[in-house]
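Student: Below is the file final_17.cif, with mmCIF, C-alpha atoms and all ligand atoms.
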```cif
data_query
loop_
_atom_site.label_atom_id
_atom_site.label_comp_id
_atom_site.auth_asym_id
_atom_site.auth_seq_id
_atom_site.Cartn_x
_atom_site.Cartn_y
_atom_site.Cartn_z
CA MET A 24 111.03 113.66 148.50
CA GLN A 25 110.93 117.31 149.57
CA GLY A 26 107.34 118.30 150.38
CA LYS A 27 105.88 114.94 149.26
CA ARG A 28 102.81 113.92 151.24
CA ILE A 29 103.14 110.38 152.51
CA LEU A 30 100.27 108.65 154.26
CA LEU A 31 101.70 105.78 156.25
CA GLY A 32 99.41 102.90 157.26
CA ILE A 33 100.59 100.68 160.09
CA THR A 34 99.03 97.26 160.74
CA GLY A 35 99.40 94.82 163.62
CA GLY A 36 102.61 92.89 163.09
CA ILE A 37 105.74 92.77 165.23
CA ALA A 38 107.68 94.66 162.51
CA ALA A 39 105.53 97.71 163.41
CA TYR A 40 108.23 98.74 165.90
CA LYS A 41 110.58 99.43 162.97
CA ILE A 42 108.18 102.02 161.56
CA ALA A 43 109.55 104.59 164.00
CA PHE A 44 112.82 104.47 162.01
CA LEU A 45 110.98 104.66 158.69
CA ILE A 46 109.08 107.79 159.78
CA ARG A 47 112.35 109.47 160.80
CA MET A 48 113.99 108.63 157.47
CA LEU A 49 111.03 109.90 155.43
CA LYS A 50 110.96 113.12 157.44
CA LYS A 51 114.73 113.57 157.05
CA SER A 52 114.25 113.30 153.28
CA GLY A 53 111.81 116.21 153.44
CA ALA A 54 108.48 114.32 153.27
CA VAL A 55 105.37 115.31 155.20
CA VAL A 56 104.13 112.21 157.01
CA ARG A 57 100.64 111.48 158.30
CA THR A 58 99.72 108.12 159.74
CA ILE A 59 96.79 105.76 160.18
CA MET A 60 97.12 102.80 162.54
CA THR A 61 94.84 99.78 162.70
CA PRO A 62 93.61 99.16 166.27
CA ALA A 63 95.68 95.93 166.37
CA SER A 64 98.90 97.78 165.54
CA CYS A 65 98.60 99.89 168.72
CA ASP A 66 99.68 96.77 170.67
CA PHE A 67 102.99 96.77 168.78
CA ILE A 68 103.91 100.46 168.68
CA SER A 69 102.43 103.29 170.70
CA PRO A 70 100.40 105.94 168.83
CA LEU A 71 102.26 108.48 170.98
CA VAL A 72 105.59 107.44 169.42
CA VAL A 73 104.07 107.57 165.93
CA SER A 74 102.42 110.97 166.38
CA THR A 75 105.52 112.47 168.03
CA LEU A 76 107.87 111.32 165.28
CA SER A 77 105.54 112.21 162.42
CA GLY A 78 104.55 115.55 163.98
CA ASN A 79 100.90 114.85 163.17
CA PRO A 80 97.95 113.26 164.97
CA VAL A 81 97.38 109.56 164.29
CA GLY A 82 94.11 108.30 162.75
CA ILE A 83 92.88 105.08 164.35
CA GLU A 84 89.08 104.98 164.58
CA PHE A 85 86.30 106.11 162.25
CA TRP A 86 85.30 108.63 164.90
CA ASN A 87 86.85 110.14 167.99
CA LYS A 88 85.11 108.62 171.02
CA GLN A 89 85.87 111.64 173.24
CA THR A 90 84.72 114.39 170.88
CA GLY A 91 82.27 112.40 168.75
CA VAL A 92 83.94 113.85 165.64
CA TRP A 93 84.00 111.68 162.48
CA THR A 94 87.37 111.03 160.82
CA ASN A 95 87.21 111.93 157.15
CA HIS A 96 88.94 109.03 155.36
CA VAL A 97 88.17 110.61 151.98
CA GLU A 98 90.20 113.68 152.97
CA TYR A 99 93.25 111.44 153.68
CA GLY A 100 92.81 109.95 150.22
CA LEU A 101 92.74 113.38 148.59
CA TRP A 102 95.67 114.69 150.62
CA ALA A 103 98.29 112.01 150.00
CA ASP A 104 100.78 111.65 147.11
CA VAL A 105 101.29 108.02 148.06
CA LEU A 106 99.90 105.56 150.61
CA VAL A 107 102.54 103.28 152.14
CA ILE A 108 101.33 100.36 154.27
CA ALA A 109 104.08 98.81 156.40
CA PRO A 110 104.05 96.30 157.88
CA LEU A 111 101.25 94.70 155.88
CA THR A 112 99.82 91.71 157.74
CA ALA A 113 98.19 88.70 156.06
CA SER A 114 94.87 89.85 157.51
CA THR A 115 94.97 93.40 156.08
CA LEU A 116 96.33 92.00 152.81
CA ALA A 117 93.32 89.66 152.49
CA LYS A 118 90.92 92.50 153.27
CA MET A 119 92.56 94.80 150.71
CA ALA A 120 92.42 92.09 148.06
CA ASN A 121 88.68 91.72 148.69
CA GLY A 122 87.65 95.34 149.12
CA ASN A 123 86.78 94.93 152.81
CA SER A 124 86.48 98.20 154.70
CA ASP A 125 86.13 97.39 158.41
CA ASN A 126 88.66 99.89 159.76
CA LEU A 127 89.85 103.42 158.99
CA LEU A 128 92.95 102.29 157.09
CA LEU A 129 90.97 99.99 154.77
CA ALA A 130 88.29 102.62 154.12
CA THR A 131 91.07 105.08 153.29
CA TYR A 132 92.78 102.55 150.97
CA LEU A 133 89.51 102.16 149.05
CA SER A 134 89.16 105.96 148.77
CA MET A 135 92.75 106.67 147.68
CA LYS A 136 93.31 108.80 144.59
CA CYS A 137 97.05 108.10 144.59
CA PRO A 138 99.15 104.91 144.24
CA THR A 139 99.72 102.48 147.12
CA ILE A 140 102.95 100.75 148.15
CA VAL A 141 102.95 97.86 150.63
CA ALA A 142 105.62 95.99 152.59
CA PRO A 143 104.24 92.61 153.71
CA ALA A 144 105.49 90.97 156.88
CA MET A 145 104.50 87.59 158.28
CA ASP A 146 105.81 84.21 159.33
CA LEU A 147 107.43 82.05 156.63
CA ASP A 148 104.62 79.49 156.36
CA MET A 149 102.03 82.24 156.11
CA TYR A 150 104.06 84.07 153.45
CA LYS A 151 104.29 81.03 151.22
CA HIS A 152 100.66 79.97 151.68
CA PRO A 153 98.80 79.87 148.33
CA ALA A 154 96.06 82.17 149.71
CA VAL A 155 98.62 84.85 150.63
CA LYS A 156 100.37 84.50 147.26
CA ARG A 157 97.02 84.81 145.51
CA ASN A 158 96.17 87.95 147.49
CA LEU A 159 99.55 89.53 146.72
CA LEU A 160 99.02 88.87 143.01
CA GLN A 161 95.56 90.42 143.30
CA LEU A 162 97.10 93.55 144.83
CA GLU A 163 99.64 93.75 142.00
CA ASP A 164 96.78 93.36 139.57
CA ASP A 165 95.08 96.29 141.34
CA HIS A 166 98.30 98.25 140.63
CA VAL A 167 99.62 98.22 144.19
CA LEU A 168 103.42 98.19 144.33
CA VAL A 169 104.57 95.31 146.52
CA ILE A 170 107.98 95.51 148.22
CA PRO A 171 108.71 91.79 148.71
CA ALA A 172 109.40 90.46 152.19
CA GLU A 173 113.00 89.47 152.87
CA SER A 174 114.63 86.32 154.19
CA GLY A 175 116.02 86.17 157.68
CA GLU A 176 115.30 85.64 161.34
CA LEU A 177 111.60 85.88 162.21
CA ALA A 178 109.86 86.83 165.45
CA SER A 179 108.68 83.21 165.79
CA GLY A 180 112.31 82.11 166.08
CA LEU A 181 112.13 80.47 162.67
CA GLU A 182 114.27 81.53 159.71
CA GLY A 183 112.95 82.16 156.22
CA GLU A 184 111.10 84.51 153.90
CA GLY A 185 108.53 86.78 155.50
CA ARG A 186 110.55 89.47 157.28
CA MET A 187 109.41 92.98 156.40
CA ALA A 188 111.84 94.79 154.07
CA GLU A 189 114.13 96.98 156.18
CA PRO A 190 113.05 100.63 156.72
CA GLU A 191 115.96 101.74 154.46
CA THR A 192 114.64 99.53 151.64
CA ILE A 193 111.10 100.86 152.05
CA HIS A 194 112.40 104.45 152.15
CA ASP A 195 114.42 103.86 148.94
CA ALA A 196 111.44 102.23 147.19
CA VAL A 197 109.28 105.27 148.01
CA ALA A 198 112.04 107.62 146.79
CA ALA A 199 112.39 105.58 143.56
CA PHE A 200 108.62 105.73 143.10
CA PHE A 201 108.64 109.55 143.22
CA LYS A 202 111.67 109.75 140.92
CA LYS A 203 110.06 107.47 138.33
CA ASN A 204 106.71 109.25 138.48
CA LYS A 205 108.39 112.62 138.08
CA SER A 206 110.46 111.72 135.05
CA GLY A 207 107.76 109.88 132.99
CA ARG A 208 110.63 108.33 131.04
CA LEU A 209 108.68 107.94 127.78
CA GLN A 210 107.20 111.41 127.59
CA GLY A 211 106.89 112.53 123.97
CA ARG A 212 107.06 108.95 122.64
CA LYS A 213 104.16 107.49 120.68
CA VAL A 214 103.57 103.76 121.09
CA LEU A 215 101.50 101.51 118.86
CA ILE A 216 100.08 98.46 120.66
CA THR A 217 97.99 95.64 119.20
CA ALA A 218 95.84 93.66 121.61
CA GLY A 219 93.19 90.97 121.79
CA PRO A 220 92.06 88.34 119.32
CA THR A 221 90.80 88.83 115.78
CA TYR A 222 87.56 87.32 114.55
CA GLU A 223 87.44 86.05 110.97
CA ALA A 224 83.87 85.92 109.69
CA ILE A 225 82.44 82.73 108.17
CA ASP A 226 78.96 84.19 107.70
CA PRO A 227 77.03 87.05 109.40
CA VAL A 228 76.76 85.11 112.70
CA ARG A 229 79.81 82.81 112.86
CA PHE A 230 83.55 83.41 113.00
CA ILE A 231 86.94 81.78 113.57
CA GLY A 232 88.55 83.23 116.70
CA ASN A 233 90.71 82.38 119.71
CA HIS A 234 90.64 82.64 123.51
CA SER A 235 92.76 85.81 123.85
CA SER A 236 91.19 88.18 126.43
CA GLY A 237 93.26 91.21 125.39
CA LYS A 238 94.33 91.70 129.01
CA MET A 239 98.09 91.55 128.37
CA GLY A 240 97.90 94.22 125.64
CA PHE A 241 95.76 96.52 127.81
CA GLU A 242 98.14 96.11 130.77
CA ILE A 243 101.02 97.02 128.44
CA ALA A 244 99.09 100.14 127.42
CA LYS A 245 98.66 101.06 131.12
CA ALA A 246 102.37 100.55 131.82
CA PHE A 247 103.33 102.83 128.89
CA LEU A 248 100.80 105.48 129.97
CA ALA A 249 102.32 105.38 133.46
CA GLU A 250 105.66 106.33 131.85
CA GLY A 251 104.17 109.35 130.11
CA ALA A 252 103.91 107.85 126.60
CA GLU A 253 101.13 108.55 124.13
CA VAL A 254 99.44 105.25 123.28
CA LEU A 255 97.60 104.14 120.17
CA LEU A 256 95.86 100.87 121.01
CA VAL A 257 94.53 98.78 118.13
CA ALA A 258 92.22 96.29 119.84
CA GLY A 259 90.40 93.23 118.55
CA PRO A 260 87.07 92.18 120.15
CA THR A 261 87.60 92.33 123.93
CA HIS A 262 85.82 93.12 127.21
CA GLN A 263 88.79 95.16 128.46
CA SER A 264 88.38 98.89 128.74
CA LEU A 265 90.73 101.76 129.43
CA VAL A 266 90.21 105.50 129.48
CA HIS A 267 93.12 107.96 129.53
CA HIS A 268 93.72 111.37 128.03
CA ARG A 269 96.90 110.10 126.27
CA LEU A 270 95.20 106.98 124.89
CA GLN A 271 93.61 106.61 121.48
CA GLN A 272 91.86 103.29 120.89
CA ILE A 273 90.94 101.91 117.49
CA ASP A 274 88.55 98.94 117.68
CA VAL A 275 88.84 96.35 114.95
CA VAL A 276 87.37 92.91 114.35
CA SER A 277 89.39 91.04 111.71
CA ALA A 278 93.12 90.69 111.01
CA GLU A 279 92.63 92.68 107.79
CA GLU A 280 91.08 95.58 109.75
CA MET A 281 93.91 95.43 112.30
CA PHE A 282 96.43 95.45 109.43
CA GLN A 283 94.84 98.56 107.86
CA ALA A 284 94.89 100.40 111.23
CA VAL A 285 98.56 99.49 111.79
CA LYS A 286 99.51 100.47 108.22
CA SER A 287 97.93 103.91 108.70
CA HIS A 288 99.68 104.65 112.00
CA TRP A 289 103.00 102.77 112.27
CA GLU A 290 105.04 105.50 110.57
CA SER A 291 103.97 108.08 113.18
CA CYS A 292 105.01 105.88 116.14
CA SER A 293 108.47 105.29 117.56
CA ILE A 294 107.68 102.09 119.47
CA GLY A 295 105.50 99.12 118.51
CA VAL A 296 104.43 96.32 120.86
CA PHE A 297 102.36 93.70 119.09
CA ALA A 298 100.55 91.59 121.66
CA ALA A 299 97.48 90.66 119.61
CA ALA A 300 96.66 87.03 118.97
CA VAL A 301 96.01 87.51 115.27
CA ALA A 302 94.25 84.68 113.46
CA ASP A 303 96.71 83.32 110.90
CA TYR A 304 93.95 82.33 108.46
CA ALA A 305 90.53 83.61 107.40
CA PRO A 306 87.73 82.00 105.36
CA LYS A 307 88.32 82.64 101.66
CA VAL A 308 84.66 83.44 101.10
CA VAL A 309 82.39 85.08 103.67
CA ALA A 310 78.78 84.00 103.15
CA THR A 311 76.47 87.00 102.94
CA SER A 312 73.58 85.18 104.65
CA LYS A 313 73.61 82.63 107.48
CA LEU A 314 74.77 79.21 106.29
CA LYS A 315 72.07 76.55 106.67
CA LYS A 316 72.66 73.02 107.96
CA SER A 317 72.95 70.48 105.19
CA ASP A 318 73.26 66.69 105.01
CA THR A 319 76.84 66.83 103.80
CA ASP A 320 79.82 67.91 105.94
CA PRO A 321 80.81 71.43 104.90
CA THR A 322 84.38 72.51 104.11
CA ILE A 323 85.70 76.02 104.74
CA GLU A 324 88.56 77.08 102.52
CA LEU A 325 91.04 79.27 104.38
CA VAL A 326 93.46 81.87 103.09
CA LYS A 327 96.47 83.33 104.90
CA ASN A 328 96.03 86.61 106.76
CA PRO A 329 98.68 89.30 106.47
CA ASP A 330 101.40 88.99 109.14
CA ILE A 331 100.98 92.45 110.67
CA LEU A 332 104.08 92.31 112.85
CA ALA A 333 106.25 91.10 109.96
CA TRP A 334 104.96 94.02 107.87
CA ALA A 335 105.86 96.49 110.66
CA GLY A 336 109.33 94.87 110.93
CA ALA A 337 109.86 95.16 107.17
CA ASN A 338 108.80 98.82 107.29
CA LYS A 339 110.76 99.76 110.41
CA SER A 340 113.07 102.80 110.29
CA LYS A 341 116.30 102.88 112.29
CA ASP A 342 114.61 105.10 114.91
CA GLN A 343 111.72 102.72 115.48
CA TYR A 344 111.73 99.99 118.11
CA LEU A 345 109.62 96.87 117.62
CA VAL A 346 108.55 94.18 120.09
CA GLY A 347 106.64 90.99 119.29
CA PHE A 348 105.10 88.17 121.29
CA ALA A 349 105.29 84.44 120.77
CA LEU A 350 103.11 81.87 122.44
CA GLU A 351 104.74 78.51 121.93
CA THR A 352 103.90 75.03 123.11
CA GLU A 353 107.33 73.54 122.31
CA ASN A 354 110.92 74.65 121.52
CA LEU A 355 110.14 78.07 123.03
CA VAL A 356 113.54 79.69 122.58
CA GLN A 357 114.42 78.24 119.14
CA ASN A 358 111.02 79.19 117.70
CA GLY A 359 111.19 82.61 119.37
CA LEU A 360 114.60 83.29 117.86
CA VAL A 361 113.35 82.43 114.37
CA LYS A 362 110.41 84.85 114.75
CA LEU A 363 112.70 87.57 116.17
CA LYS A 364 114.95 87.44 113.09
CA LYS A 365 112.23 86.82 110.50
CA LYS A 366 110.07 89.71 111.71
CA ASN A 367 113.04 92.08 112.29
CA LEU A 368 112.25 92.69 115.99
CA ASN A 369 114.35 94.33 118.69
CA PHE A 370 113.08 91.81 121.21
CA ILE A 371 110.43 89.16 121.56
CA VAL A 372 108.39 88.25 124.63
CA LEU A 373 108.05 84.51 124.94
CA ASN A 374 105.44 82.64 126.89
CA THR A 375 104.39 79.05 126.90
CA LEU A 376 101.12 77.42 127.86
CA ALA A 377 103.28 74.80 129.59
CA ASP A 378 103.94 77.23 132.48
CA GLU A 379 101.27 77.06 135.15
CA GLY A 380 99.59 80.45 135.49
CA ALA A 381 100.52 81.64 131.98
CA GLY A 382 98.28 81.93 128.95
CA PHE A 383 95.04 83.36 127.66
CA SER A 384 92.43 82.87 130.34
CA VAL A 385 94.46 83.65 133.49
CA ASP A 386 95.40 86.95 135.12
CA THR A 387 99.05 86.01 135.54
CA ASN A 388 101.90 85.50 133.12
CA LYS A 389 105.39 84.06 133.08
CA ILE A 390 107.54 85.66 130.43
CA THR A 391 111.03 85.36 128.99
CA ILE A 392 112.51 88.15 126.88
CA LEU A 393 114.83 87.25 124.03
CA ASP A 394 116.66 90.14 122.38
CA GLU A 395 118.47 90.72 119.08
CA CYS A 396 121.84 90.03 120.75
CA ASN A 397 120.48 86.62 121.76
CA LYS A 398 120.30 87.63 125.43
CA GLN A 399 117.65 85.71 127.34
CA THR A 400 116.00 87.20 130.46
CA GLU A 401 113.53 85.13 132.46
CA PHE A 402 110.96 86.74 134.77
CA GLU A 403 109.05 85.17 137.67
CA LEU A 404 105.35 84.39 137.48
CA SER A 405 103.54 87.67 138.14
CA SER A 406 100.33 89.56 137.50
CA LYS A 407 99.91 90.62 133.87
CA PHE A 408 100.39 94.26 134.94
CA LYS A 409 103.71 93.45 136.60
CA ALA A 410 104.75 91.49 133.48
CA ALA A 411 103.78 94.57 131.41
CA GLU A 412 105.88 96.80 133.70
CA ASN A 413 108.82 94.41 133.26
CA ILE A 414 108.48 94.65 129.48
CA VAL A 415 108.34 98.46 129.55
CA GLU A 416 111.29 98.65 131.97
CA TYR A 417 113.32 96.33 129.72
CA LEU A 418 112.46 98.47 126.71
CA ILE A 419 113.42 101.71 128.48
CA ASN A 420 116.78 100.23 129.45
CA SER A 421 117.34 99.01 125.87
CA ILE A 422 116.61 102.31 124.14
CA GLN A 423 118.63 104.48 126.53
N1 LIG A 501 101.27 88.48 114.53
C1 LIG A 501 100.77 89.46 113.69
N2 LIG A 501 100.02 89.11 112.60
C2 LIG A 501 99.76 87.81 112.32
C3 LIG A 501 100.27 86.81 113.18
C4 LIG A 501 101.02 87.18 114.28
O1 LIG A 501 101.00 90.65 113.94
N3 LIG A 501 99.05 87.51 111.26
C5 LIG A 501 102.11 88.86 115.65
C6 LIG A 501 101.52 88.63 117.03
O2 LIG A 501 100.86 89.79 117.50
C7 LIG A 501 102.76 88.30 117.86
C8 LIG A 501 103.69 87.64 116.88
O3 LIG A 501 103.25 88.04 115.61
O4 LIG A 501 103.41 89.47 118.31
C9 LIG A 501 103.79 86.15 116.95
O5 LIG A 501 102.60 85.53 116.65
P1 LIG A 501 102.46 83.92 116.60
O6 LIG A 501 101.07 83.61 116.21
O7 LIG A 501 102.97 83.34 117.86
O8 LIG A 501 103.48 83.57 115.48
P2 LIG A 501 103.27 83.23 114.01
O9 LIG A 501 104.30 84.03 113.30
O10 LIG A 501 101.86 83.43 113.59
O11 LIG A 501 103.69 81.70 113.95
P3 LIG A 501 102.95 80.36 114.47
O12 LIG A 501 101.48 80.65 114.63
O13 LIG A 501 103.27 79.39 113.42
O14 LIG A 501 103.62 80.03 115.76
#
```
Written as structure tokens, that's how I'd like the structure from this file.

Tutor:
Amino acid sequence: MQGKRILLGITGGIAAYKIAFLIRMLKKSGAVVRTIMTPASCDFISPLVVSTLSGNPVGIEFWNKQTGVWTNHVEYGLWADVLVIAPLTASTLAKMANGNSDNLLLATYLSMKCPTIVAPAMDLDMYKHPAVKRNLLQLEDDHVLVIPAESGELASGLEGEGRMAEPETIHDAVAAFFKKNKSGRLQGRKVLITAGPTYEAIDPVRFIGNHSSGKMGFEIAKAFLAEGAEVLLVAGPTHQSLVHHRLQQIDVVSAEEMFQAVKSHWESCSIGVFAAAVADYAPKVVATSKLKKSDTDPTIELVKNPDILAWAGANKSKDQYLVGFALETENLVQNGLVKLKKKNLNFIVLNTLADEGAGFSVDTNKITILDECNKQTEFELSSKFKAAENIVEYLINSIQ
């Protein structure tokens, strides 16, 4: 952490007193620490303690009431390598999740150019309240790294989950963040990702499609980019968008177009993650002009689309690594295992519509990974970005 610039935000929870220890640890590890305190946090730890330990003045208000000088929150955002907010109260969490900016810390959070890490702390009933859970998922979706609260004795005298992670744990999470960011563990790797639905034309205005939003595939692309990989994203019709200097996006509409794009590029990639919800069938004949209503019920003859993932599996070299998805409504693991073998995959990501919070139209996902050695790893319900990070982490550990 030598020379790393850490902006530490402190909010008004009893765990604020432990931040004195965190500042000392960060400084001992060589970091430069600046701090912003919410006005409420000053009741829990004195700004004098914070400024003395950090060796820098503390930001509290938008402007200094004695001098009349404005505090430049944008400058904080440009200065820092990471923003760490600890403890994070339910109130600041809710404001962050909604883009509220009614104090210096929140305005700075909204101006940040670097990643944010938070360590929530609150009473057990607050921590398990659906509104708090929703807000934490929103933060994860906004790419904030959440260090989960721990179980133990709480200031209220109750016991349970809600205690801020210990200063040592927060320190180690910040150190791990810098280590990971530095290494970019997939630098030099090219990844092919398929995302979104495919639309199979019936006539010039109608198509057969599905409800896939493409979000999971785009979040996987982001997680690979964060690890330094070069990403080729073949995307069906979607409202998602992503811009990055290491990203090349090829937009397609039908399964056949997706297949052609994959065929042209698979050989040049070392990793493939196929998250697209490809239509299995397409109309045999596409009408060249709009079909008119008639008195008889029409019939559309369908023909099978190419299985793009199976093709990539059949054309996989020993140096290539291939991951597929399976959305099942029953016999999740048995069906997943069949697809894993049939399509020659290294692992398959299973999800079922039966799990609350998983599926096409939601921002969360609950995944299970099944690998070629038949090992099954279940993950908790999380934001789609967190699920994507879990997939990339699993892959990195498998290829090492
Ligand atoms: N897939 C593909 N091309 C297809 C169909 C599926 O590349 N024509 C890929 C998907 O991107 C996903 C995996 O195969 O990674 C599993 O897709 P799924 O539709 O769940 O499986 P199918 O093999 O089509 O079987 P079924 O629809 O009968 O469950």

Student: Residues near Asp342 (chain A), anyone? I mean within 12 Å using only C-alpha atoms, not counting same-chain ones fewer than 3 positions away, as a ChimeraX atom specification.

Tutor: /A:212,290-295,338-339,345,369,422

Student: Can you pull out every residue within 7 Å of Arg57 (chain A), counting all atoms listed in the file, but drop anything in the same chain fewer than 6 positions away, and send it as a PyMOL selection string?

Tutor: chain A and resi 29-31+77+79

Student: Excluding Ala252 (chain A) and residues on its chain fewer than 2 positions from it, collect all residues at most 8 Å away from it, counting all atoms listed in the file, and give them as a list in words.

Tutor: Gly207, Leu209, Gln210, Gly211, Arg212, Lys213, Val214, Phe247, Leu248, Ala249, Glu250, Val254 and Arg269 of chain A

Student: Do you know which residues are within 7 Å of ligand LIG 501 (chain A) using all atoms listed in the file? Can you write them as a PyMOL selection string?

Tutor: chain A and resi 217+278+297-303+328-333+347-351+362

Student: Please list, as JSON, numbers by chain, the residues that have an atom at most 8 Å away from (88.1, 77.7, 108.0) in the coordinates of this file, counting all atoms listed in the file.

Tutor: {"A": [225, 231, 304, 305, 306, 322, 323, 324, 325]}

Student: Any chance you can output those residues with C-alpha atoms as a PDB file, in the frame of the given file?

Tutor:
```pdb
ATOM      1  CA  ILE A 225      82.440  82.730 108.170  1.00  0.00           C
ATOM      2  CA  ILE A 231      86.940  81.780 113.570  1.00  0.00           C
ATOM      3  CA  TYR A 304      93.950  82.330 108.460  1.00  0.00           C
ATOM      4  CA  ALA A 305      90.530  83.610 107.400  1.00  0.00           C
ATOM      5  CA  PRO A 306      87.730  82.000 105.360  1.00  0.00           C
ATOM      6  CA  THR A 322      84.380  72.510 104.110  1.00  0.00           C
ATOM      7  CA  ILE A 323      85.700  76.020 104.740  1.00  0.00           C
ATOM      8  CA  GLU A 324      88.560  77.080 102.520  1.00  0.00           C
ATOM      9  CA  LEU A 325      91.040  79.270 104.380  1.00  0.00           C
TER      10      LEU A 325
END
```

Student: Would you kindly return, as a list in words, each protein, DNA or RNA residue with an atom no farther than 10 Å from any atom of Gly240 (chain A), considering only C-alpha atoms and excluding same-chain residues fewer than 6 positions away?

Tutor: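 Once the adjacent positions are removed, what remains is Ile216, Thr217, Ala218, Gly219, Ala246, Leu256, Val257, Ala258, Gln263, Val296, Phe297, Ala298, Ala299, Ala300, Lys407, Phe408 and Ala411 of chain A.
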
Student: For Glu163 (chain A), which residue among A:Tyr222, A:Glu280, A:Leu101, A:Ile140 is the nearest when counting all atoms listed in the file?

Tutor: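 Between A:Tyr222, A:Glu280, A:Leu101, A:Ile140, the residue approaching Glu163 (chain A) most closely is A:Ile140.
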
Student: Report, in Å with one decimal, the straight-line distance from CA of Gly237 (chain A) to CA of Lys409 (chain A).

Tutor: 15.5 Å

Student: Taking only C-alpha atoms into account, produce a table as JSON lines in which each residue of region 183-245 of chain A with an atom at most 10 Å from an atom of region 413-416 of chain A appears once, together with its shortest atom pair and the distance in Å to one decimal, ordered by chain and rising number.

Tutor:
```
{"residue": "A:Arg208", "atom": "CA", "partner": "A:Glu416", "partner_atom": "CA", "distance": 9.7}
{"residue": "A:Leu209", "atom": "CA", "partner": "A:Val415", "partner_atom": "CA", "distance": 9.6}
{"residue": "A:Ile243", "atom": "CA", "partner": "A:Val415", "partner_atom": "CA", "distance": 7.5}
{"residue": "A:Ala244", "atom": "CA", "partner": "A:Val415", "partner_atom": "CA", "distance": 9.6}
```

Student: Counting all atoms listed in the file, write as a JSON list (two decimals) with C-alpha atoms, in the coordinates of the input all protein and nucleic acid residues lying at most 6 Å from (108.8, 90.7, 118.4) in the file's frame.

Tutor:
```json
[["chain", "number", "residue", "atom", "x", "y", "z"],
["A", 346, "VAL", "CA", 108.55, 94.18, 120.09],
["A", 347, "GLY", "CA", 106.64, 90.99, 119.29],
["A", 348, "PHE", "CA", 105.10, 88.17, 121.29],
["A", 363, "LEU", "CA", 112.70, 87.57, 116.17],
["A", 368, "LEU", "CA", 112.25, 92.69, 115.99],
["A", 370, "PHE", "CA", 113.08, 91.81, 121.21],
["A", 371, "ILE", "CA", 110.43, 89.16, 121.56]]
```

Student: Determine, counting all atoms listed in the file, which protein, DNA and RNA residues have an atom within 6 Å of an atom of region 58-64 of chain A; residues of the same chain fewer than 4 positions away are not included. Present the result as a list in words.

Tutor: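 My list of contacting residues is Leu30, Leu31, Gly32, Ile33, Thr34, Gly35, Val81, Gly82 and Ile83 of chain A.
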
Student: Rounded to one decimal, what separation in Å do you get between CA of Asn158 (chain A) and CA of Ile392 (chain A)?

Tutor: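 CA of Asn158 (chain A) sits 26.3 Å away from CA of Ile392 (chain A).
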
Student: Just the number, please: distance in Å from CA of Leu360 (chain A) to CA of His234 (chain A), one decimal.

Tutor: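 Here the two named atoms are 24.6 Å from each other.
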
Student: Would you please work out which residue, of A:Thr261, A:Asn121, A:Thr94, A:Thr112, is nearest to Val276 (chain A) when using only C-alpha atoms?

Tutor: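 When distances to Val276 (chain A) are compared using only C-alpha atoms, the smallest one comes from A:Thr261.
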
Student: Determine the nearest neighbour of Asn388 (chain A) from the options A:Asp125, A:Asp148, A:Glu242, A:Asp274, counting only C-alpha atoms.

Tutor: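 Under the stated criterion, the closest residue is A:Glu242.
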
Student: For region 354-370 of chain A, I'd like the enclosing box, axis-aligned and padded by 4 Å on every side, reported as lines of an AutoDock Vina configuration file with centre and edge lengths in Å to one decimal.

Tutor:
```
center_x = 112.5
center_y = 84.5
center_z = 116.8
size_x = 12.9
size_y = 27.7
size_z = 20.5
```

Student: Restricting the calculation to all atoms listed in the file: of A:Lys315, A:Gly26, A:Tyr40, A:Leu76, which residue gets closest to Val55 (chain A)?

Tutor: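 Of the candidates, the smallest distance to Val55 (chain A) is held by A:Gly26.
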
Student: Kindly complete region 183-190 of chain A to N, CA and C atoms; the output should be written as a PDB file, in the frame of the given file.

Tutor:
```
ATOM      1  N   GLY A 183     113.497  82.341 157.566  1.00  0.00           N
ATOM      2  CA  GLY A 183     112.950  82.160 156.220  1.00  0.00           C
ATOM      3  C   GLY A 183     112.401  83.448 155.675  1.00  0.00           C
ATOM      4  N   GLU A 184     111.654  83.342 154.573  1.00  0.00           N
ATOM      5  CA  GLU A 184     111.100  84.510 153.900  1.00  0.00           C
ATOM      6  C   GLU A 184     109.839  84.978 154.611  1.00  0.00           C
ATOM      7  N   GLY A 185     109.713  86.266 154.830  1.00  0.00           N
ATOM      8  CA  GLY A 185     108.530  86.780 155.500  1.00  0.00           C
ATOM      9  C   GLY A 185     108.825  88.044 156.287  1.00  0.00           C
ATOM     10  N   ARG A 186     110.103  88.278 156.544  1.00  0.00           N
ATOM     11  CA  ARG A 186     110.550  89.470 157.280  1.00  0.00           C
ATOM     12  C   ARG A 186     110.256  90.732 156.472  1.00  0.00           C
ATOM     13  N   MET A 187     109.678  91.726 157.110  1.00  0.00           N
ATOM     14  CA  MET A 187     109.410  92.980 156.400  1.00  0.00           C
ATOM     15  C   MET A 187     110.724  93.560 155.842  1.00  0.00           C
ATOM     16  N   ALA A 188     110.656  94.108 154.626  1.00  0.00           N
ATOM     17  CA  ALA A 188     111.840  94.790 154.070  1.00  0.00           C
ATOM     18  C   ALA A 188     112.305  95.825 155.089  1.00  0.00           C
ATOM     19  N   GLU A 189     113.596  96.036 155.185  1.00  0.00           N
ATOM     20  CA  GLU A 189     114.130  96.980 156.180  1.00  0.00           C
ATOM     21  C   GLU A 189     113.633  98.402 155.890  1.00  0.00           C
ATOM     22  N   PRO A 190     113.509  99.243 156.929  1.00  0.00           N
ATOM     23  CA  PRO A 190     113.050 100.630 156.720  1.00  0.00           C
ATOM     24  C   PRO A 190     113.830 101.351 155.614  1.00  0.00           C
TER      25      PRO A 190
END
```
